[in-house]
Amino acid sequence: MKPGIHPAYGPVVFRDKAADFAFLTRSTATSHKTVQWEDGHTYPVIDVEISSASHPFYTGTARVLDTAGRVERFQRRYGSTA
């Protein structure tokens, strides 16, 4: 890699406020806010609106849409071509 052109890559805490969930990972994202992590070190923290802890797909609370009504309405409106 060319020196001096890449952003700094280091540990960052991503915090999901909706689910009260946080995880420590490495990223090039930075923040002026900091948080003291479980290991006693202070890391920059980035607040996110949704993560795997609060996303309906991962939590199992996703709604299933009833598409049968849409198909029937389409058939009534335009009929079948056969």
# chains A, B, ... in the order shown; residues from 1 in each chain; ligands from 1
>>> residues_around(residues="region 44-56 of chain A", least_positions_apart="4", cutoff="12 Å", atoms="only C-alpha atoms", output="PDB file with all heavy atoms, in the first residue's frame")
ATOM      1  N   GLY A  10      -8.450   1.507  12.869  1.00  0.00           N
ATOM      2  CA  GLY A  10      -8.260   1.157  14.265  1.00  0.00           C
ATOM      3  C   GLY A  10      -9.547   0.714  14.928  1.00  0.00           C
ATOM      4  O   GLY A  10     -10.604   0.666  14.305  1.00  0.00           O
ATOM      5  N   PRO A  11      -9.484   0.393  16.202  1.00  0.00           N
ATOM      6  CA  PRO A  11     -10.663  -0.089  16.918  1.00  0.00           C
ATOM      7  C   PRO A  11     -11.704   1.021  17.115  1.00  0.00           C
ATOM      8  O   PRO A  11     -11.354   2.161  17.432  1.00  0.00           O
ATOM      9  CB  PRO A  11     -10.105  -0.562  18.257  1.00  0.00           C
ATOM     10  CG  PRO A  11      -8.794   0.121  18.403  1.00  0.00           C
ATOM     11  CD  PRO A  11      -8.294   0.404  17.042  1.00  0.00           C
ATOM     12  N   VAL A  12     -12.965   0.661  16.895  1.00  0.00           N
ATOM     13  CA  VAL A  12     -14.097   1.580  17.041  1.00  0.00           C
ATOM     14  C   VAL A  12     -15.256   0.797  17.639  1.00  0.00           C
ATOM     15  O   VAL A  12     -15.462  -0.376  17.305  1.00  0.00           O
ATOM     16  CB  VAL A  12     -14.526   2.161  15.676  1.00  0.00           C
ATOM     17  CG1 VAL A  12     -15.740   3.051  15.808  1.00  0.00           C
ATOM     18  CG2 VAL A  12     -13.393   2.916  15.029  1.00  0.00           C
ATOM     19  N   VAL A  13     -16.034   1.425  18.511  1.00  0.00           N
ATOM     20  CA  VAL A  13     -17.229   0.811  19.075  1.00  0.00           C
ATOM     21  C   VAL A  13     -18.432   1.323  18.302  1.00  0.00           C
ATOM     22  O   VAL A  13     -18.623   2.526  18.145  1.00  0.00           O
ATOM     23  CB  VAL A  13     -17.379   1.154  20.572  1.00  0.00           C
ATOM     24  CG1 VAL A  13     -18.701   0.642  21.115  1.00  0.00           C
ATOM     25  CG2 VAL A  13     -16.223   0.577  21.360  1.00  0.00           C
ATOM     26  N   PHE A  14     -19.244   0.413  17.773  1.00  0.00           N
ATOM     27  CA  PHE A  14     -20.512   0.754  17.149  1.00  0.00           C
ATOM     28  C   PHE A  14     -21.604   0.449  18.159  1.00  0.00           C
ATOM     29  O   PHE A  14     -21.677  -0.665  18.680  1.00  0.00           O
ATOM     30  CB  PHE A  14     -20.726  -0.047  15.865  1.00  0.00           C
ATOM     31  CG  PHE A  14     -19.873   0.436  14.731  1.00  0.00           C
ATOM     32  CD1 PHE A  14     -18.624  -0.109  14.492  1.00  0.00           C
ATOM     33  CD2 PHE A  14     -20.319   1.449  13.912  1.00  0.00           C
ATOM     34  CE1 PHE A  14     -17.837   0.332  13.459  1.00  0.00           C
ATOM     35  CE2 PHE A  14     -19.533   1.907  12.864  1.00  0.00           C
ATOM     36  CZ  PHE A  14     -18.290   1.345  12.640  1.00  0.00           C
ATOM     37  N   ARG A  15     -22.459   1.441  18.427  1.00  0.00           N
ATOM     38  CA  ARG A  15     -23.486   1.301  19.458  1.00  0.00           C
ATOM     39  C   ARG A  15     -24.865   1.494  18.833  1.00  0.00           C
ATOM     40  O   ARG A  15     -25.139   2.503  18.208  1.00  0.00           O
ATOM     41  CB  ARG A  15     -23.242   2.333  20.555  1.00  0.00           C
ATOM     42  CG  ARG A  15     -24.239   2.289  21.679  1.00  0.00           C
ATOM     43  CD  ARG A  15     -23.851   3.179  22.822  1.00  0.00           C
ATOM     44  NE  ARG A  15     -23.560   4.543  22.364  1.00  0.00           N
ATOM     45  CZ  ARG A  15     -23.000   5.458  23.109  1.00  0.00           C
ATOM     46  NH1 ARG A  15     -22.629   5.202  24.337  1.00  0.00           N
ATOM     47  NH2 ARG A  15     -22.763   6.670  22.638  1.00  0.00           N
ATOM     48  N   ASP A  16     -25.740   0.490  19.028  1.00  0.00           N
ATOM     49  CA  ASP A  16     -27.124   0.549  18.573  1.00  0.00           C
ATOM     50  C   ASP A  16     -27.964   1.041  19.738  1.00  0.00           C
ATOM     51  O   ASP A  16     -28.184   0.311  20.705  1.00  0.00           O
ATOM     52  CB  ASP A  16     -27.585  -0.827  18.107  1.00  0.00           C
ATOM     53  CG  ASP A  16     -28.990  -0.834  17.555  1.00  0.00           C
ATOM     54  OD1 ASP A  16     -29.643   0.225  17.569  1.00  0.00           O
ATOM     55  OD2 ASP A  16     -29.437  -1.899  17.106  1.00  0.00           O
ATOM     56  N   LYS A  17     -28.429   2.279  19.654  1.00  0.00           N
ATOM     57  CA  LYS A  17     -29.189   2.875  20.752  1.00  0.00           C
ATOM     58  C   LYS A  17     -30.545   2.200  20.925  1.00  0.00           C
ATOM     59  O   LYS A  17     -31.052   2.099  22.031  1.00  0.00           O
ATOM     60  CB  LYS A  17     -29.406   4.366  20.490  1.00  0.00           C
ATOM     61  CG  LYS A  17     -28.156   5.177  20.595  1.00  0.00           C
ATOM     62  CD  LYS A  17     -27.846   5.439  22.024  1.00  0.00           C
ATOM     63  CE  LYS A  17     -26.876   6.594  22.124  1.00  0.00           C
ATOM     64  NZ  LYS A  17     -26.741   7.097  23.440  1.00  0.00           N
ATOM     65  N   ALA A  18     -31.171   1.726  19.842  1.00  0.00           N
ATOM     66  CA  ALA A  18     -32.501   1.135  19.917  1.00  0.00           C
ATOM     67  C   ALA A  18     -32.496  -0.177  20.695  1.00  0.00           C
ATOM     68  O   ALA A  18     -33.437  -0.480  21.419  1.00  0.00           O
ATOM     69  CB  ALA A  18     -33.060   0.906  18.518  1.00  0.00           C
ATOM     70  N   ALA A  19     -31.431  -0.961  20.550  1.00  0.00           N
ATOM     71  CA  ALA A  19     -31.378  -2.273  21.181  1.00  0.00           C
ATOM     72  C   ALA A  19     -30.453  -2.304  22.395  1.00  0.00           C
ATOM     73  O   ALA A  19     -30.292  -3.352  23.011  1.00  0.00           O
ATOM     74  CB  ALA A  19     -30.919  -3.318  20.173  1.00  0.00           C
ATOM     75  N   ASP A  20     -29.842  -1.191  22.724  1.00  0.00           N
ATOM     76  CA  ASP A  20     -28.881  -1.135  23.824  1.00  0.00           C
ATOM     77  C   ASP A  20     -27.815  -2.216  23.632  1.00  0.00           C
ATOM     78  O   ASP A  20     -27.563  -3.042  24.495  1.00  0.00           O
ATOM     79  CB  ASP A  20     -29.589  -1.271  25.175  1.00  0.00           C
ATOM     80  CG  ASP A  20     -28.691  -0.877  26.331  1.00  0.00           C
ATOM     81  OD1 ASP A  20     -27.809  -0.018  26.123  1.00  0.00           O
ATOM     82  OD2 ASP A  20     -28.857  -1.424  27.431  1.00  0.00           O
ATOM     83  N   PHE A  21     -27.197  -2.192  22.459  1.00  0.00           N
ATOM     84  CA  PHE A  21     -26.222  -3.202  22.055  1.00  0.00           C
ATOM     85  C   PHE A  21     -25.017  -2.493  21.463  1.00  0.00           C
ATOM     86  O   PHE A  21     -25.161  -1.518  20.723  1.00  0.00           O
ATOM     87  CB  PHE A  21     -26.863  -4.126  21.004  1.00  0.00           C
ATOM     88  CG  PHE A  21     -25.933  -5.130  20.410  1.00  0.00           C
ATOM     89  CD1 PHE A  21     -25.496  -6.210  21.149  1.00  0.00           C
ATOM     90  CD2 PHE A  21     -25.509  -5.011  19.097  1.00  0.00           C
ATOM     91  CE1 PHE A  21     -24.637  -7.148  20.598  1.00  0.00           C
ATOM     92  CE2 PHE A  21     -24.652  -5.939  18.531  1.00  0.00           C
ATOM     93  CZ  PHE A  21     -24.227  -7.008  19.284  1.00  0.00           C
ATOM     94  N   ALA A  22     -23.833  -2.945  21.793  1.00  0.00           N
ATOM     95  CA  ALA A  22     -22.611  -2.354  21.256  1.00  0.00           C
ATOM     96  C   ALA A  22     -21.610  -3.455  20.954  1.00  0.00           C
ATOM     97  O   ALA A  22     -21.615  -4.508  21.594  1.00  0.00           O
ATOM     98  CB  ALA A  22     -22.017  -1.362  22.252  1.00  0.00           C
ATOM     99  N   PHE A  23     -20.778  -3.204  19.956  1.00  0.00           N
ATOM    100  CA  PHE A  23     -19.725  -4.163  19.643  1.00  0.00           C
ATOM    101  C   PHE A  23     -18.471  -3.415  19.209  1.00  0.00           C
ATOM    102  O   PHE A  23     -18.530  -2.330  18.638  1.00  0.00           O
ATOM    103  CB  PHE A  23     -20.158  -5.174  18.577  1.00  0.00           C
ATOM    104  CG  PHE A  23     -20.606  -4.569  17.274  1.00  0.00           C
ATOM    105  CD1 PHE A  23     -19.720  -4.414  16.233  1.00  0.00           C
ATOM    106  CD2 PHE A  23     -21.917  -4.174  17.103  1.00  0.00           C
ATOM    107  CE1 PHE A  23     -20.130  -3.862  15.030  1.00  0.00           C
ATOM    108  CE2 PHE A  23     -22.344  -3.632  15.910  1.00  0.00           C
ATOM    109  CZ  PHE A  23     -21.445  -3.474  14.863  1.00  0.00           C
ATOM    110  N   LEU A  24     -17.356  -4.006  19.523  1.00  0.00           N
ATOM    111  CA  LEU A  24     -16.052  -3.434  19.210  1.00  0.00           C
ATOM    112  C   LEU A  24     -15.514  -4.109  17.964  1.00  0.00           C
ATOM    113  O   LEU A  24     -15.489  -5.340  17.871  1.00  0.00           O
ATOM    114  CB  LEU A  24     -15.096  -3.649  20.388  1.00  0.00           C
ATOM    115  CG  LEU A  24     -13.660  -3.175  20.212  1.00  0.00           C
ATOM    116  CD1 LEU A  24     -13.613  -1.661  20.082  1.00  0.00           C
ATOM    117  CD2 LEU A  24     -12.816  -3.634  21.392  1.00  0.00           C
ATOM    118  N   THR A  25     -15.107  -3.307  17.000  1.00  0.00           N
ATOM    119  CA  THR A  25     -14.539  -3.826  15.771  1.00  0.00           C
ATOM    120  C   THR A  25     -13.494  -2.841  15.267  1.00  0.00           C
ATOM    121  O   THR A  25     -13.242  -1.824  15.906  1.00  0.00           O
ATOM    122  CB  THR A  25     -15.631  -4.062  14.701  1.00  0.00           C
ATOM    123  OG1 THR A  25     -15.056  -4.717  13.581  1.00  0.00           O
ATOM    124  CG2 THR A  25     -16.298  -2.771  14.295  1.00  0.00           C
ATOM    125  N   ARG A  26     -12.913  -3.116  14.137  1.00  0.00           N
ATOM    126  CA  ARG A  26     -11.940  -2.197  13.547  1.00  0.00           C
ATOM    127  C   ARG A  26     -12.570  -1.538  12.337  1.00  0.00           C
ATOM    128  O   ARG A  26     -13.305  -2.173  11.588  1.00  0.00           O
ATOM    129  CB  ARG A  26     -10.677  -2.952  13.159  1.00  0.00           C
ATOM    130  CG  ARG A  26      -9.955  -3.503  14.384  1.00  0.00           C
ATOM    131  CD  ARG A  26      -8.720  -4.281  14.033  1.00  0.00           C
ATOM    132  NE  ARG A  26      -7.751  -3.544  13.251  1.00  0.00           N
ATOM    133  CZ  ARG A  26      -6.785  -2.770  13.759  1.00  0.00           C
ATOM    134  NH1 ARG A  26      -6.698  -2.644  15.058  1.00  0.00           N
ATOM    135  NH2 ARG A  26      -5.941  -2.134  12.983  1.00  0.00           N
ATOM    136  N   SER A  27     -12.291  -0.255  12.154  1.00  0.00           N
ATOM    137  CA  SER A  27     -12.880   0.495  11.062  1.00  0.00           C
ATOM    138  C   SER A  27     -12.043   1.728  10.769  1.00  0.00           C
ATOM    139  O   SER A  27     -11.219   2.154  11.584  1.00  0.00           O
ATOM    140  CB  SER A  27     -14.307   0.920  11.440  1.00  0.00           C
ATOM    141  OG  SER A  27     -14.872   1.721  10.431  1.00  0.00           O
ATOM    142  N   THR A  28     -12.302   2.327   9.610  1.00  0.00           N
ATOM    143  CA  THR A  28     -11.673   3.604   9.275  1.00  0.00           C
ATOM    144  C   THR A  28     -12.562   4.766   9.701  1.00  0.00           C
ATOM    145  O   THR A  28     -12.136   5.909   9.624  1.00  0.00           O
ATOM    146  CB  THR A  28     -11.395   3.710   7.768  1.00  0.00           C
ATOM    147  OG1 THR A  28     -12.622   3.573   7.067  1.00  0.00           O
ATOM    148  CG2 THR A  28     -10.405   2.649   7.325  1.00  0.00           C
ATOM    149  N   ALA A  29     -13.792   4.488  10.141  1.00  0.00           N
ATOM    150  CA  ALA A  29     -14.696   5.536  10.612  1.00  0.00           C
ATOM    151  C   ALA A  29     -14.170   6.111  11.925  1.00  0.00           C
ATOM    152  O   ALA A  29     -13.598   5.398  12.748  1.00  0.00           O
ATOM    153  CB  ALA A  29     -16.092   4.969  10.811  1.00  0.00           C
ATOM    154  N   THR A  30     -14.374   7.408  12.107  1.00  0.00           N
ATOM    155  CA  THR A  30     -13.904   8.057  13.325  1.00  0.00           C
ATOM    156  C   THR A  30     -15.040   8.845  13.962  1.00  0.00           C
ATOM    157  O   THR A  30     -16.053   9.121  13.325  1.00  0.00           O
ATOM    158  CB  THR A  30     -12.737   9.013  13.035  1.00  0.00           C
ATOM    159  OG1 THR A  30     -13.189  10.001  12.112  1.00  0.00           O
ATOM    160  CG2 THR A  30     -11.543   8.274  12.467  1.00  0.00           C
ATOM    161  N   SER A  31     -14.840   9.212  15.210  1.00  0.00           N
ATOM    162  CA  SER A  31     -15.828   9.990  15.943  1.00  0.00           C
ATOM    163  C   SER A  31     -15.125  10.767  17.045  1.00  0.00           C
ATOM    164  O   SER A  31     -14.077  10.348  17.553  1.00  0.00           O
ATOM    165  CB  SER A  31     -16.881   9.063  16.551  1.00  0.00           C
ATOM    166  OG  SER A  31     -17.774   9.790  17.347  1.00  0.00           O
ATOM    167  N   HIS A  32     -15.704  11.899  17.415  1.00  0.00           N
ATOM    168  CA  HIS A  32     -15.153  12.682  18.517  1.00  0.00           C
ATOM    169  C   HIS A  32     -15.665  12.178  19.862  1.00  0.00           C
ATOM    170  O   HIS A  32     -15.052  12.445  20.890  1.00  0.00           O
ATOM    171  CB  HIS A  32     -15.507  14.161  18.350  1.00  0.00           C
ATOM    172  CG  HIS A  32     -14.864  14.763  17.139  1.00  0.00           C
ATOM    173  ND1 HIS A  32     -13.512  14.978  17.040  1.00  0.00           N
ATOM    174  CD2 HIS A  32     -15.392  15.171  15.964  1.00  0.00           C
ATOM    175  CE1 HIS A  32     -13.232  15.513  15.866  1.00  0.00           C
ATOM    176  NE2 HIS A  32     -14.360  15.640  15.182  1.00  0.00           N
ATOM    177  N   LYS A  33     -16.802  11.444  19.844  1.00  0.00           N
ATOM    178  CA  LYS A  33     -17.338  10.876  21.085  1.00  0.00           C
ATOM    179  C   LYS A  33     -16.553   9.609  21.426  1.00  0.00           C
ATOM    180  O   LYS A  33     -16.145   8.865  20.534  1.00  0.00           O
ATOM    181  CB  LYS A  33     -18.822  10.544  20.931  1.00  0.00           C
ATOM    182  CG  LYS A  33     -19.687  11.764  20.728  1.00  0.00           C
ATOM    183  CD  LYS A  33     -21.149  11.434  20.821  1.00  0.00           C
ATOM    184  CE  LYS A  33     -21.584  10.586  19.650  1.00  0.00           C
ATOM    185  NZ  LYS A  33     -23.033  10.341  19.642  1.00  0.00           N
ATOM    186  N   THR A  34     -16.373   9.368  22.712  1.00  0.00           N
ATOM    187  CA  THR A  34     -15.650   8.180  23.158  1.00  0.00           C
ATOM    188  C   THR A  34     -16.463   7.454  24.219  1.00  0.00           C
ATOM    189  O   THR A  34     -17.372   8.020  24.829  1.00  0.00           O
ATOM    190  CB  THR A  34     -14.271   8.537  23.740  1.00  0.00           C
ATOM    191  OG1 THR A  34     -14.455   9.411  24.844  1.00  0.00           O
ATOM    192  CG2 THR A  34     -13.384   9.185  22.695  1.00  0.00           C
ATOM    193  N   VAL A  35     -16.112   6.204  24.432  1.00  0.00           N
ATOM    194  CA  VAL A  35     -16.760   5.383  25.448  1.00  0.00           C
ATOM    195  C   VAL A  35     -15.709   4.462  26.051  1.00  0.00           C
ATOM    196  O   VAL A  35     -14.771   4.042  25.370  1.00  0.00           O
ATOM    197  CB  VAL A  35     -17.940   4.573  24.848  1.00  0.00           C
ATOM    198  CG1 VAL A  35     -17.457   3.546  23.855  1.00  0.00           C
ATOM    199  CG2 VAL A  35     -18.768   3.919  25.928  1.00  0.00           C
ATOM    200  N   GLN A  36     -15.867   4.191  27.327  1.00  0.00           N
ATOM    201  CA  GLN A  36     -14.957   3.240  27.972  1.00  0.00           C
ATOM    202  C   GLN A  36     -15.526   1.842  27.796  1.00  0.00           C
ATOM    203  O   GLN A  36     -16.651   1.555  28.198  1.00  0.00           O
ATOM    204  CB  GLN A  36     -14.787   3.562  29.453  1.00  0.00           C
ATOM    205  CG  GLN A  36     -13.742   2.694  30.103  1.00  0.00           C
ATOM    206  CD  GLN A  36     -13.317   3.208  31.452  1.00  0.00           C
ATOM    207  OE1 GLN A  36     -13.785   4.222  31.914  1.00  0.00           O
ATOM    208  NE2 GLN A  36     -12.423   2.488  32.085  1.00  0.00           N
ATOM    209  N   TRP A  37     -14.738   0.980  27.185  1.00  0.00           N
ATOM    210  CA  TRP A  37     -15.181  -0.375  26.860  1.00  0.00           C
ATOM    211  C   TRP A  37     -14.939  -1.310  28.038  1.00  0.00           C
ATOM    212  O   TRP A  37     -14.331  -0.946  29.041  1.00  0.00           O
ATOM    213  CB  TRP A  37     -14.450  -0.846  25.605  1.00  0.00           C
ATOM    214  CG  TRP A  37     -15.006  -2.097  24.997  1.00  0.00           C
ATOM    215  CD1 TRP A  37     -14.365  -3.282  24.869  1.00  0.00           C
ATOM    216  CD2 TRP A  37     -16.306  -2.290  24.442  1.00  0.00           C
ATOM    217  NE1 TRP A  37     -15.177  -4.196  24.264  1.00  0.00           N
ATOM    218  CE2 TRP A  37     -16.382  -3.617  23.998  1.00  0.00           C
ATOM    219  CE3 TRP A  37     -17.421  -1.483  24.294  1.00  0.00           C
ATOM    220  CZ2 TRP A  37     -17.521  -4.155  23.405  1.00  0.00           C
ATOM    221  CZ3 TRP A  37     -18.552  -2.014  23.698  1.00  0.00           C
ATOM    222  CH2 TRP A  37     -18.597  -3.331  23.257  1.00  0.00           C
ATOM    223  N   GLY A  60     -36.202 -11.930  14.031  1.00  0.00           N
ATOM    224  CA  GLY A  60     -37.316 -12.840  13.808  1.00  0.00           C
ATOM    225  C   GLY A  60     -38.673 -12.180  13.932  1.00  0.00           C
ATOM    226  O   GLY A  60     -39.688 -12.865  13.998  1.00  0.00           O
ATOM    227  N   THR A  61     -38.728 -10.862  13.937  1.00  0.00           N
ATOM    228  CA  THR A  61     -40.006 -10.163  14.045  1.00  0.00           C
ATOM    229  C   THR A  61     -40.432  -9.551  12.720  1.00  0.00           C
ATOM    230  O   THR A  61     -41.264  -8.651  12.695  1.00  0.00           O
ATOM    231  CB  THR A  61     -39.926  -9.056  15.108  1.00  0.00           C
ATOM    232  OG1 THR A  61     -38.899  -8.134  14.738  1.00  0.00           O
ATOM    233  CG2 THR A  61     -39.633  -9.629  16.480  1.00  0.00           C
ATOM    234  N   ALA A  62     -39.861 -10.036  11.620  1.00  0.00           N
ATOM    235  CA  ALA A  62     -40.206  -9.504  10.308  1.00  0.00           C
ATOM    236  C   ALA A  62     -41.646  -9.876   9.955  1.00  0.00           C
ATOM    237  O   ALA A  62     -42.114 -10.977  10.247  1.00  0.00           O
ATOM    238  CB  ALA A  62     -39.258 -10.054   9.253  1.00  0.00           C
ATOM    239  N   ARG A  63     -42.342  -8.929   9.333  1.00  0.00           N
ATOM    240  CA  ARG A  63     -43.711  -9.176   8.917  1.00  0.00           C
ATOM    241  C   ARG A  63     -43.713  -9.828   7.546  1.00  0.00           C
ATOM    242  O   ARG A  63     -42.947  -9.445   6.666  1.00  0.00           O
ATOM    243  CB  ARG A  63     -44.503  -7.878   8.861  1.00  0.00           C
ATOM    244  CG  ARG A  63     -44.668  -7.234  10.208  1.00  0.00           C
ATOM    245  CD  ARG A  63     -45.473  -5.979  10.084  1.00  0.00           C
ATOM    246  NE  ARG A  63     -44.741  -5.045   9.207  1.00  0.00           N
ATOM    247  CZ  ARG A  63     -45.266  -3.972   8.660  1.00  0.00           C
ATOM    248  NH1 ARG A  63     -46.512  -3.672   8.870  1.00  0.00           N
ATOM    249  NH2 ARG A  63     -44.546  -3.179   7.894  1.00  0.00           N
ATOM    250  N   VAL A  64     -44.592 -10.787   7.347  1.00  0.00           N
ATOM    251  CA  VAL A  64     -44.739 -11.431   6.053  1.00  0.00           C
ATOM    252  C   VAL A  64     -45.895 -10.750   5.337  1.00  0.00           C
ATOM    253  O   VAL A  64     -47.007 -10.679   5.865  1.00  0.00           O
ATOM    254  CB  VAL A  64     -45.007 -12.942   6.218  1.00  0.00           C
ATOM    255  CG1 VAL A  64     -45.230 -13.582   4.865  1.00  0.00           C
ATOM    256  CG2 VAL A  64     -43.862 -13.600   6.961  1.00  0.00           C
TER     257      VAL A  64
END
>>> select_by_dssp(residues="region 4-81 of chain A", states="alpha helix (DSSP H)", output="PyMOL selection string")
chain A and resi 56-59+68-78
>>> write_last_selection(atoms="C-alpha atoms", output="tab-separated table (two decimals), in the first residue's frame")
chain	number	residue	atom	x	y	z
A	56	PRO	CA	-36.46	-7.30	12.12
A	57	PHE	CA	-34.86	-9.84	9.79
A	58	TYR	CA	-32.28	-10.91	12.38
A	59	THR	CA	-34.58	-10.71	15.40
A	68	ALA	CA	-51.96	-13.45	-2.67
A	69	GLY	CA	-54.39	-10.56	-2.44
A	70	ARG	CA	-52.27	-8.53	-4.82
A	71	VAL	CA	-52.11	-11.34	-7.36
A	72	GLU	CA	-55.87	-11.88	-7.18
A	73	ARG	CA	-56.51	-8.17	-7.61
A	74	PHE	CA	-54.21	-8.12	-10.65
A	75	GLN	CA	-56.05	-11.11	-12.16
A	76	ARG	CA	-59.44	-9.44	-11.59
A	77	ARG	CA	-58.27	-6.16	-13.09
A	78	TYR	CA	-56.41	-7.44	-16.14
